[in-house]
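Data file: query.txt. Format and content: compact mmCIF, N, CA and C atoms.
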# COMPACT_ATOMS: atom_id res chain seq x y z
N ASP A 241 97.39 77.50 137.08
CA ASP A 241 96.23 76.93 137.76
C ASP A 241 96.09 75.46 137.36
N PRO A 242 95.95 74.57 138.31
CA PRO A 242 95.88 73.14 137.96
C PRO A 242 94.67 72.78 137.09
N LYS A 243 93.65 73.62 137.07
CA LYS A 243 92.46 73.32 136.26
C LYS A 243 92.63 73.75 134.81
N ASP A 244 93.67 74.53 134.51
CA ASP A 244 93.91 74.98 133.14
C ASP A 244 94.15 73.81 132.21
N ILE A 245 93.65 73.93 131.00
CA ILE A 245 94.04 73.01 129.94
C ILE A 245 95.26 73.63 129.29
N VAL A 246 96.38 72.91 129.35
CA VAL A 246 97.64 73.42 128.80
C VAL A 246 97.77 72.92 127.37
N ILE A 247 98.05 73.86 126.45
CA ILE A 247 98.19 73.50 125.04
C ILE A 247 99.57 73.93 124.54
N ASP A 248 100.28 72.96 123.98
CA ASP A 248 101.60 73.17 123.40
C ASP A 248 101.41 73.43 121.91
N LEU A 249 101.81 74.61 121.44
CA LEU A 249 101.60 75.00 120.05
C LEU A 249 102.84 74.79 119.18
N ARG A 250 103.85 74.12 119.70
CA ARG A 250 105.08 73.90 118.95
C ARG A 250 104.91 72.75 117.96
N SER A 251 105.97 72.41 117.27
CA SER A 251 105.92 71.30 116.31
C SER A 251 105.74 69.97 117.05
N LYS A 252 105.27 68.98 116.32
CA LYS A 252 105.08 67.65 116.92
C LYS A 252 106.41 67.09 117.40
N ALA A 253 107.48 67.31 116.64
CA ALA A 253 108.80 66.81 117.04
C ALA A 253 109.24 67.46 118.36
N ALA A 254 109.01 68.77 118.49
CA ALA A 254 109.37 69.47 119.72
C ALA A 254 108.52 68.97 120.89
N TYR A 255 107.24 68.76 120.64
CA TYR A 255 106.34 68.23 121.67
C TYR A 255 106.81 66.85 122.13
N ASP A 256 107.15 66.00 121.17
CA ASP A 256 107.60 64.64 121.50
C ASP A 256 108.90 64.65 122.29
N GLU A 257 109.75 65.63 122.04
CA GLU A 257 111.02 65.72 122.75
C GLU A 257 110.79 66.12 124.22
N TRP A 258 109.94 67.10 124.46
CA TRP A 258 109.59 67.52 125.81
C TRP A 258 108.30 68.32 125.73
N HIS A 259 107.41 68.11 126.68
CA HIS A 259 106.24 68.98 126.81
C HIS A 259 105.86 69.09 128.28
N PHE A 260 105.16 70.15 128.59
CA PHE A 260 104.68 70.37 129.95
C PHE A 260 103.82 69.18 130.35
N PRO A 261 103.92 68.70 131.58
CA PRO A 261 103.13 67.54 132.00
C PRO A 261 101.64 67.70 131.67
N ASN A 262 101.09 66.72 131.00
CA ASN A 262 99.67 66.67 130.61
C ASN A 262 99.27 67.70 129.56
N ALA A 263 100.24 68.37 128.94
CA ALA A 263 99.91 69.34 127.89
C ALA A 263 99.35 68.61 126.68
N LEU A 264 98.41 69.25 126.02
CA LEU A 264 97.87 68.74 124.77
C LEU A 264 98.70 69.30 123.62
N TYR A 265 98.86 68.51 122.59
CA TYR A 265 99.57 68.99 121.40
C TYR A 265 98.56 69.49 120.39
N LEU A 266 98.77 70.72 119.92
CA LEU A 266 97.94 71.26 118.84
C LEU A 266 98.82 72.26 118.12
N ASP A 267 99.21 71.95 116.87
CA ASP A 267 100.11 72.90 116.22
C ASP A 267 99.37 74.19 115.92
N PHE A 268 100.13 75.26 115.78
CA PHE A 268 99.57 76.60 115.69
C PHE A 268 98.52 76.76 114.58
N PRO A 269 98.80 76.32 113.33
CA PRO A 269 97.76 76.48 112.29
C PRO A 269 96.46 75.74 112.64
N GLN A 270 96.58 74.53 113.20
CA GLN A 270 95.38 73.78 113.62
C GLN A 270 94.64 74.56 114.70
N ALA A 271 95.39 75.07 115.66
CA ALA A 271 94.78 75.79 116.78
C ALA A 271 94.03 77.03 116.30
N LEU A 272 94.61 77.74 115.33
CA LEU A 272 93.93 78.93 114.78
C LEU A 272 92.59 78.56 114.15
N ARG A 273 92.53 77.41 113.52
CA ARG A 273 91.27 76.97 112.90
C ARG A 273 90.29 76.43 113.93
N ALA A 274 90.79 75.84 115.02
CA ALA A 274 89.93 75.06 115.92
C ALA A 274 89.47 75.80 117.18
N TYR A 275 90.12 76.91 117.55
CA TYR A 275 89.84 77.47 118.88
C TYR A 275 88.38 77.87 119.07
N GLY A 276 87.68 78.19 118.00
CA GLY A 276 86.27 78.56 118.12
C GLY A 276 85.40 77.44 118.66
N ALA A 277 85.87 76.21 118.54
CA ALA A 277 85.11 75.05 119.02
C ALA A 277 85.53 74.62 120.43
N PHE A 278 86.51 75.33 121.02
CA PHE A 278 86.96 74.98 122.37
C PHE A 278 85.84 75.27 123.37
N ASP A 279 85.85 74.57 124.48
CA ASP A 279 84.88 74.75 125.56
C ASP A 279 85.12 76.10 126.25
N ALA A 280 84.16 77.02 126.10
CA ALA A 280 84.31 78.36 126.69
C ALA A 280 84.26 78.34 128.21
N GLY A 281 83.83 77.23 128.80
CA GLY A 281 83.78 77.12 130.25
C GLY A 281 85.11 76.72 130.87
N GLN A 282 86.07 76.39 130.04
CA GLN A 282 87.39 75.98 130.51
C GLN A 282 88.35 77.17 130.52
N SER A 283 89.45 77.01 131.23
CA SER A 283 90.55 77.98 131.20
C SER A 283 91.71 77.33 130.47
N TYR A 284 92.40 78.12 129.66
CA TYR A 284 93.48 77.59 128.83
C TYR A 284 94.79 78.32 129.10
N LEU A 285 95.86 77.56 129.10
CA LEU A 285 97.21 78.10 129.21
C LEU A 285 97.97 77.62 127.98
N LEU A 286 98.44 78.56 127.18
CA LEU A 286 99.09 78.24 125.92
C LEU A 286 100.58 78.54 125.99
N TYR A 287 101.37 77.72 125.31
CA TYR A 287 102.78 78.08 125.17
C TYR A 287 103.30 77.61 123.82
N CYS A 288 104.35 78.27 123.37
CA CYS A 288 105.02 77.93 122.13
C CYS A 288 106.52 78.13 122.36
N GLU A 289 107.30 78.17 121.30
CA GLU A 289 108.75 78.26 121.45
C GLU A 289 109.19 79.53 122.18
N PHE A 290 108.68 80.68 121.74
CA PHE A 290 109.13 81.96 122.30
C PHE A 290 108.03 82.78 122.96
N GLY A 291 106.78 82.36 122.84
CA GLY A 291 105.68 83.09 123.46
C GLY A 291 104.92 84.01 122.52
N LEU A 292 105.31 84.08 121.26
CA LEU A 292 104.65 85.00 120.32
C LEU A 292 103.37 84.41 119.74
N LYS A 293 103.44 83.19 119.24
CA LYS A 293 102.24 82.55 118.69
C LYS A 293 101.20 82.34 119.78
N SER A 294 101.66 81.91 120.96
CA SER A 294 100.72 81.67 122.05
C SER A 294 100.06 82.98 122.50
N ALA A 295 100.79 84.09 122.46
CA ALA A 295 100.21 85.39 122.82
C ALA A 295 99.11 85.76 121.83
N HIS A 296 99.37 85.55 120.55
CA HIS A 296 98.40 85.87 119.51
C HIS A 296 97.12 85.04 119.68
N LEU A 297 97.29 83.73 119.86
CA LEU A 297 96.12 82.86 120.00
C LEU A 297 95.36 83.17 121.29
N ALA A 298 96.07 83.40 122.39
CA ALA A 298 95.39 83.73 123.65
C ALA A 298 94.56 85.00 123.49
N ASP A 299 95.09 85.98 122.76
CA ASP A 299 94.35 87.22 122.51
C ASP A 299 93.08 86.95 121.70
N LEU A 300 93.20 86.15 120.65
CA LEU A 300 92.02 85.79 119.84
C LEU A 300 90.98 85.07 120.70
N MET A 301 91.44 84.15 121.54
CA MET A 301 90.52 83.39 122.39
C MET A 301 89.82 84.31 123.39
N ARG A 302 90.56 85.24 123.99
CA ARG A 302 89.92 86.18 124.92
C ARG A 302 88.90 87.05 124.21
N ARG A 303 89.20 87.48 123.00
CA ARG A 303 88.24 88.28 122.22
C ARG A 303 86.97 87.49 121.92
N ALA A 304 87.10 86.16 121.87
CA ALA A 304 85.95 85.28 121.63
C ALA A 304 85.24 84.92 122.95
N GLY A 305 85.66 85.55 124.05
CA GLY A 305 85.00 85.35 125.33
C GLY A 305 85.53 84.20 126.16
N MET A 306 86.69 83.68 125.80
CA MET A 306 87.27 82.54 126.53
C MET A 306 88.27 83.02 127.57
N HIS A 307 88.55 82.14 128.51
CA HIS A 307 89.58 82.38 129.51
C HIS A 307 90.87 81.76 128.99
N ALA A 308 91.77 82.61 128.52
CA ALA A 308 93.02 82.10 127.94
C ALA A 308 94.17 83.02 128.32
N ARG A 309 95.30 82.39 128.62
CA ARG A 309 96.53 83.15 128.86
C ARG A 309 97.68 82.36 128.26
N HIS A 310 98.83 83.02 128.17
CA HIS A 310 99.99 82.36 127.57
C HIS A 310 101.21 82.59 128.45
N LEU A 311 102.22 81.80 128.21
CA LEU A 311 103.49 81.96 128.90
C LEU A 311 104.37 82.87 128.06
N SER A 312 104.61 84.09 128.55
CA SER A 312 105.35 85.06 127.74
C SER A 312 106.80 84.65 127.55
N GLY A 313 107.31 83.77 128.40
CA GLY A 313 108.68 83.29 128.23
C GLY A 313 108.79 82.07 127.34
N GLY A 314 107.68 81.62 126.78
CA GLY A 314 107.69 80.47 125.87
C GLY A 314 108.17 79.20 126.54
N LEU A 315 108.94 78.43 125.80
CA LEU A 315 109.39 77.13 126.26
C LEU A 315 110.21 77.24 127.56
N ARG A 316 111.06 78.25 127.64
CA ARG A 316 111.89 78.43 128.84
C ARG A 316 111.02 78.57 130.08
N GLU A 317 109.96 79.36 129.98
CA GLU A 317 109.05 79.55 131.11
C GLU A 317 108.27 78.27 131.41
N ALA A 318 107.88 77.53 130.37
CA ALA A 318 107.16 76.26 130.57
C ALA A 318 108.02 75.28 131.35
N LYS A 319 109.30 75.20 131.00
CA LYS A 319 110.20 74.28 131.70
C LYS A 319 110.42 74.72 133.14
N ARG A 320 110.51 76.04 133.36
CA ARG A 320 110.69 76.55 134.72
C ARG A 320 109.46 76.20 135.57
N LEU A 321 108.27 76.39 135.02
CA LEU A 321 107.04 76.05 135.75
C LEU A 321 106.95 74.55 136.03
N ALA A 322 107.33 73.74 135.06
CA ALA A 322 107.30 72.28 135.24
C ALA A 322 108.24 71.88 136.37
N ASP A 323 109.40 72.52 136.44
CA ASP A 323 110.34 72.24 137.53
C ASP A 323 109.73 72.60 138.89
N GLU A 324 108.99 73.71 138.95
CA GLU A 324 108.33 74.11 140.20
C GLU A 324 107.27 73.09 140.61
N VAL A 325 106.53 72.58 139.63
CA VAL A 325 105.49 71.58 139.89
C VAL A 325 106.11 70.31 140.46
N ASP A 326 107.31 69.95 139.97
CA ASP A 326 107.99 68.74 140.42
C ASP A 326 108.47 68.83 141.85
N ARG A 327 108.67 70.02 142.37
CA ARG A 327 109.23 70.18 143.72
C ARG A 327 108.21 69.88 144.78
Could you express the structure from this file as structure tokens?
Amino acid sequence: DPKDIVIDLRSKAAYDEWHFPNALYLDFPQALRAYGAFDAGQSYLLYCEFGLKSAHLADLMRRAGMHARHLSGGLREAKRLADEVDR
């Protein structure tokens, strides 16, 4: 969804190498501490290297009443989606 806030949970070096267009960088430990302060009125799309950390955080966010989902294919799925957006 174009209104989603996309958050990249990978390392800063990985983010700098490539990230989904307009994705925000927030490493996983920071995100675990900070998600409670996120805007509950927003929708979030999370991704990480393989989809495991993003799945965990999306679950925590949903339990806190937020709209959050993750890319189960991780980075590979993020790149595939970015290619679709470019077309």
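Residues of chain A carrying a DSSP assignment of strand (DSSP E), computed from the backbone, are Ile245, Val246, Ile247, Asp248, Leu264, Tyr265, Ser283, Tyr284, Leu285, Leu286, Tyr287, His307, Ala308, Arg309 and His310 of chain A.
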(message) Need to verify the contact set: Pro261 in chain A, 9 Å, only C-alpha atoms, exclusion of same-chain residues closer than 2 positions in sequence. Can you return it as a PyMOL selection string?
(response) chain A and resi 246+258-259+263+322
If you count only N, CA and C atoms, which residues fall within 6.5 Å of range 290-296 of chain A, apart from same-chain ones fewer than 2 positions away, as a PDB file with N, CA and C atoms, in the coordinates of the input?
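See selection_28.pdb below for the written result:
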ATOM      1  N   LEU A 286      98.440  78.560 127.180  1.00  0.00           N
ATOM      2  CA  LEU A 286      99.090  78.240 125.920  1.00  0.00           C
ATOM      3  C   LEU A 286     100.580  78.540 125.990  1.00  0.00           C
ATOM      4  N   TYR A 287     101.370  77.720 125.310  1.00  0.00           N
ATOM      5  CA  TYR A 287     102.780  78.080 125.170  1.00  0.00           C
ATOM      6  C   TYR A 287     103.300  77.610 123.820  1.00  0.00           C
ATOM      7  N   CYS A 288     104.350  78.270 123.370  1.00  0.00           N
ATOM      8  CA  CYS A 288     105.020  77.930 122.130  1.00  0.00           C
ATOM      9  C   CYS A 288     106.520  78.130 122.360  1.00  0.00           C
ATOM     10  N   ALA A 298      96.070  83.400 122.390  1.00  0.00           N
ATOM     11  CA  ALA A 298      95.390  83.730 123.650  1.00  0.00           C
ATOM     12  C   ALA A 298      94.560  85.000 123.490  1.00  0.00           C
ATOM     13  N   ASP A 299      95.090  85.980 122.760  1.00  0.00           N
ATOM     14  CA  ASP A 299      94.350  87.220 122.510  1.00  0.00           C
ATOM     15  C   ASP A 299      93.080  86.950 121.700  1.00  0.00           C
ATOM     16  N   LEU A 300      93.200  86.150 120.650  1.00  0.00           N
ATOM     17  CA  LEU A 300      92.020  85.790 119.840  1.00  0.00           C
ATOM     18  C   LEU A 300      90.980  85.070 120.700  1.00  0.00           C
ATOM     19  N   MET A 301      91.440  84.150 121.540  1.00  0.00           N
ATOM     20  CA  MET A 301      90.520  83.390 122.390  1.00  0.00           C
ATOM     21  C   MET A 301      89.820  84.310 123.390  1.00  0.00           C
ATOM     22  N   ARG A 309      95.300  82.390 128.620  1.00  0.00           N
ATOM     23  CA  ARG A 309      96.530  83.150 128.860  1.00  0.00           C
ATOM     24  C   ARG A 309      97.680  82.360 128.260  1.00  0.00           C
ATOM     25  N   HIS A 310      98.830  83.020 128.170  1.00  0.00           N
ATOM     26  CA  HIS A 310      99.990  82.360 127.570  1.00  0.00           C
ATOM     27  C   HIS A 310     101.210  82.590 128.450  1.00  0.00           C
ATOM     28  N   LEU A 311     102.220  81.800 128.210  1.00  0.00           N
ATOM     29  CA  LEU A 311     103.490  81.960 128.900  1.00  0.00           C
ATOM     30  C   LEU A 311     104.370  82.870 128.060  1.00  0.00           C
ATOM     31  N   SER A 312     104.610  84.090 128.550  1.00  0.00           N
ATOM     32  CA  SER A 312     105.350  85.060 127.740  1.00  0.00           C
ATOM     33  C   SER A 312     106.800  84.650 127.550  1.00  0.00           C
ATOM     34  N   GLY A 313     107.310  83.770 128.400  1.00  0.00           N
ATOM     35  CA  GLY A 313     108.680  83.290 128.230  1.00  0.00           C
ATOM     36  C   GLY A 313     108.790  82.070 127.340  1.00  0.00           C
ATOM     37  N   GLY A 314     107.680  81.620 126.780  1.00  0.00           N
ATOM     38  CA  GLY A 314     107.690  80.470 125.870  1.00  0.00           C
ATOM     39  C   GLY A 314     108.170  79.200 126.540  1.00  0.00           C
ATOM     40  N   LEU A 315     108.940  78.430 125.800  1.00  0.00           N
ATOM     41  CA  LEU A 315     109.390  77.130 126.260  1.00  0.00           C
ATOM     42  C   LEU A 315     110.210  77.240 127.560  1.00  0.00           C
TER      43      LEU A 315
END
(request) Please measure the separation of CA of Tyr265 in chain A and CA of Ser283 in chain A, giving the value in Å to one decimal. (result)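 Value for the CA of Tyr265 in chain A-CA of Ser283 in chain A distance: 16.1 Å.
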(message) If I take atom C of Leu264 in chain A and atom C of Leu249 in chain A, how far is one from the other in Å, to one decimal?
(response)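 If I compute the distance from atom C of Leu264 in chain A to atom C of Leu249 in chain A, I get 8.2 Å.
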(message) I want to know what sits within 8 Å of Ser251 in chain A, based on all atoms listed in the file, with residues of the same chain fewer than 4 positions away left out; could you give that as a list in words?
(response)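 Counting all atoms listed in the file, the residues come to Tyr255, Asp256, Glu257, Tyr265, Leu266, Asp267, Phe268, Cys288 and Glu289 of chain A.
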Output of the above residues as a PDB file, in the frame of the given file, restricted to N, CA and C atoms:
ATOM      1  N   TYR A 255     107.240  68.760 120.640  1.00  0.00           N
ATOM      2  CA  TYR A 255     106.340  68.230 121.670  1.00  0.00           C
ATOM      3  C   TYR A 255     106.810  66.850 122.130  1.00  0.00           C
ATOM      4  N   ASP A 256     107.150  66.000 121.170  1.00  0.00           N
ATOM      5  CA  ASP A 256     107.600  64.640 121.500  1.00  0.00           C
ATOM      6  C   ASP A 256     108.900  64.650 122.290  1.00  0.00           C
ATOM      7  N   GLU A 257     109.750  65.630 122.040  1.00  0.00           N
ATOM      8  CA  GLU A 257     111.020  65.720 122.750  1.00  0.00           C
ATOM      9  C   GLU A 257     110.790  66.120 124.220  1.00  0.00           C
ATOM     10  N   TYR A 265      98.860  68.510 122.590  1.00  0.00           N
ATOM     11  CA  TYR A 265      99.570  68.990 121.400  1.00  0.00           C
ATOM     12  C   TYR A 265      98.560  69.490 120.390  1.00  0.00           C
ATOM     13  N   LEU A 266      98.770  70.720 119.920  1.00  0.00           N
ATOM     14  CA  LEU A 266      97.940  71.260 118.840  1.00  0.00           C
ATOM     15  C   LEU A 266      98.820  72.260 118.120  1.00  0.00           C
ATOM     16  N   ASP A 267      99.210  71.950 116.870  1.00  0.00           N
ATOM     17  CA  ASP A 267     100.110  72.900 116.220  1.00  0.00           C
ATOM     18  C   ASP A 267      99.370  74.190 115.920  1.00  0.00           C
ATOM     19  N   PHE A 268     100.130  75.260 115.780  1.00  0.00           N
ATOM     20  CA  PHE A 268      99.570  76.600 115.690  1.00  0.00           C
ATOM     21  C   PHE A 268      98.520  76.760 114.580  1.00  0.00           C
ATOM     22  N   CYS A 288     104.350  78.270 123.370  1.00  0.00           N
ATOM     23  CA  CYS A 288     105.020  77.930 122.130  1.00  0.00           C
ATOM     24  C   CYS A 288     106.520  78.130 122.360  1.00  0.00           C
ATOM     25  N   GLU A 289     107.300  78.170 121.300  1.00  0.00           N
ATOM     26  CA  GLU A 289     108.750  78.260 121.450  1.00  0.00           C
ATOM     27  C   GLU A 289     109.190  79.530 122.180  1.00  0.00           C
TER      28      GLU A 289
END
(request) Mind giving me the straight-line distance from CA of Ala253 in chain A to CA of Leu321 in chain A in Å, one decimal? (result)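 Atom-to-atom, CA of Ala253 in chain A and CA of Leu321 in chain A are spaced 20.9 Å apart.
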(request) Can you work out which one of A:Leu285, A:Asp323, A:Asp279, A:Gln270 has the shortest atom-to-atom distance to Ile245 in chain A, counting all atoms listed in the file? (result)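 Answer, going by the shortest atom-to-atom distance: A:Leu285.
For the residues A:Asp248, A:Ala280, A:Pro242, A:Arg273, ranking by smallest atom-to-atom distance to Arg303 in chain A using only C-alpha atoms places A:Ala280 first.
Candidate residues A:Gln282, A:Arg320, A:Asp326, A:Ala254 were compared for distance to Met306 in chain A, and the nearest is A:Gln282, using only N, CA and C atoms.
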(message) as a count of residues only, please: every residue in range 245-315 of chain A that DSSP puts in alpha helix (DSSP H).
(response) 27
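Using only C-alpha atoms, the nearest neighbour of Arg250 in chain A within the list A:Lys319, A:Pro269, A:Gly276, A:Glu324 is A:Pro269.
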How would range 271-282 of chain A look with all heavy atoms restored, written as an mmCIF file, in the coordinates of the input?
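This went into result_5.cif:
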data_model
loop_
_atom_site.group_PDB
_atom_site.id
_atom_site.type_symbol
_atom_site.label_atom_id
_atom_site.label_comp_id
_atom_site.auth_asym_id
_atom_site.auth_seq_id
_atom_site.Cartn_x
_atom_site.Cartn_y
_atom_site.Cartn_z
ATOM 1 N N ALA A 271 95.390 75.070 115.660
ATOM 2 C CA ALA A 271 94.780 75.790 116.780
ATOM 3 C C ALA A 271 94.030 77.030 116.300
ATOM 4 O O ALA A 271 92.944 77.339 116.796
ATOM 5 C CB ALA A 271 95.845 76.168 117.807
ATOM 6 N N LEU A 272 94.610 77.740 115.330
ATOM 7 C CA LEU A 272 93.930 78.930 114.780
ATOM 8 C C LEU A 272 92.590 78.560 114.150
ATOM 9 O O LEU A 272 91.640 79.330 114.245
ATOM 10 C CB LEU A 272 94.815 79.616 113.731
ATOM 11 C CG LEU A 272 95.954 80.465 114.249
ATOM 12 C CD1 LEU A 272 96.787 80.995 113.081
ATOM 13 C CD2 LEU A 272 95.451 81.613 115.102
ATOM 14 N N ARG A 273 92.530 77.410 113.520
ATOM 15 C CA ARG A 273 91.270 76.970 112.900
ATOM 16 C C ARG A 273 90.290 76.430 113.930
ATOM 17 O O ARG A 273 89.078 76.533 113.741
ATOM 18 C CB ARG A 273 91.553 75.903 111.847
ATOM 19 C CG ARG A 273 92.218 76.427 110.596
ATOM 20 C CD ARG A 273 92.255 75.394 109.481
ATOM 21 N NE ARG A 273 92.985 74.185 109.840
ATOM 22 C CZ ARG A 273 94.286 74.012 109.652
ATOM 23 N NH1 ARG A 273 95.016 74.964 109.104
ATOM 24 N NH2 ARG A 273 94.872 72.879 109.989
ATOM 25 N N ALA A 274 90.790 75.840 115.020
ATOM 26 C CA ALA A 274 89.930 75.060 115.920
ATOM 27 C C ALA A 274 89.470 75.800 117.180
ATOM 28 O O ALA A 274 88.506 75.374 117.808
ATOM 29 C CB ALA A 274 90.665 73.793 116.351
ATOM 30 N N TYR A 275 90.120 76.910 117.550
ATOM 31 C CA TYR A 275 89.840 77.470 118.880
ATOM 32 C C TYR A 275 88.380 77.870 119.070
ATOM 33 O O TYR A 275 87.864 77.835 120.185
ATOM 34 C CB TYR A 275 90.776 78.631 119.210
ATOM 35 C CG TYR A 275 90.431 79.939 118.536
ATOM 36 C CD1 TYR A 275 89.562 80.833 119.149
ATOM 37 C CD2 TYR A 275 90.975 80.288 117.306
ATOM 38 C CE1 TYR A 275 89.250 82.042 118.539
ATOM 39 C CE2 TYR A 275 90.670 81.476 116.705
ATOM 40 C CZ TYR A 275 89.805 82.364 117.318
ATOM 41 O OH TYR A 275 89.492 83.552 116.722
ATOM 42 N N GLY A 276 87.680 78.190 118.000
ATOM 43 C CA GLY A 276 86.270 78.560 118.120
ATOM 44 C C GLY A 276 85.400 77.440 118.660
ATOM 45 O O GLY A 276 84.321 77.687 119.203
ATOM 46 N N ALA A 277 85.870 76.210 118.540
ATOM 47 C CA ALA A 277 85.110 75.050 119.020
ATOM 48 C C ALA A 277 85.530 74.620 120.430
ATOM 49 O O ALA A 277 84.974 73.689 120.983
ATOM 50 C CB ALA A 277 85.307 73.873 118.059
ATOM 51 N N PHE A 278 86.510 75.330 121.020
ATOM 52 C CA PHE A 278 86.960 74.980 122.370
ATOM 53 C C PHE A 278 85.840 75.270 123.370
ATOM 54 O O PHE A 278 85.001 76.133 123.155
ATOM 55 C CB PHE A 278 88.186 75.793 122.779
ATOM 56 C CG PHE A 278 89.460 75.450 122.050
ATOM 57 C CD1 PHE A 278 89.509 74.520 121.019
ATOM 58 C CD2 PHE A 278 90.624 76.093 122.389
ATOM 59 C CE1 PHE A 278 90.695 74.236 120.366
ATOM 60 C CE2 PHE A 278 91.819 75.820 121.739
ATOM 61 C CZ PHE A 278 91.845 74.885 120.727
ATOM 62 N N ASP A 279 85.850 74.570 124.480
ATOM 63 C CA ASP A 279 84.880 74.750 125.560
ATOM 64 C C ASP A 279 85.120 76.100 126.250
ATOM 65 O O ASP A 279 86.147 76.298 126.892
ATOM 66 C CB ASP A 279 85.030 73.600 126.561
ATOM 67 C CG ASP A 279 84.041 73.669 127.712
ATOM 68 O OD1 ASP A 279 83.357 74.711 127.875
ATOM 69 O OD2 ASP A 279 83.952 72.686 128.463
ATOM 70 N N ALA A 280 84.160 77.020 126.100
ATOM 71 C CA ALA A 280 84.310 78.360 126.690
ATOM 72 C C ALA A 280 84.260 78.340 128.210
ATOM 73 O O ALA A 280 84.647 79.311 128.856
ATOM 74 C CB ALA A 280 83.246 79.291 126.130
ATOM 75 N N GLY A 281 83.830 77.230 128.800
ATOM 76 C CA GLY A 281 83.780 77.120 130.250
ATOM 77 C C GLY A 281 85.110 76.720 130.870
ATOM 78 O O GLY A 281 85.252 76.721 132.088
ATOM 79 N N GLN A 282 86.070 76.390 130.040
ATOM 80 C CA GLN A 282 87.390 75.980 130.510
ATOM 81 C C GLN A 282 88.350 77.170 130.520
ATOM 82 O O GLN A 282 88.115 78.174 129.862
ATOM 83 C CB GLN A 282 87.973 74.915 129.571
ATOM 84 C CG GLN A 282 87.329 73.570 129.675
ATOM 85 C CD GLN A 282 87.730 72.842 130.951
ATOM 86 O OE1 GLN A 282 88.725 73.155 131.583
ATOM 87 N NE2 GLN A 282 86.945 71.858 131.317
#
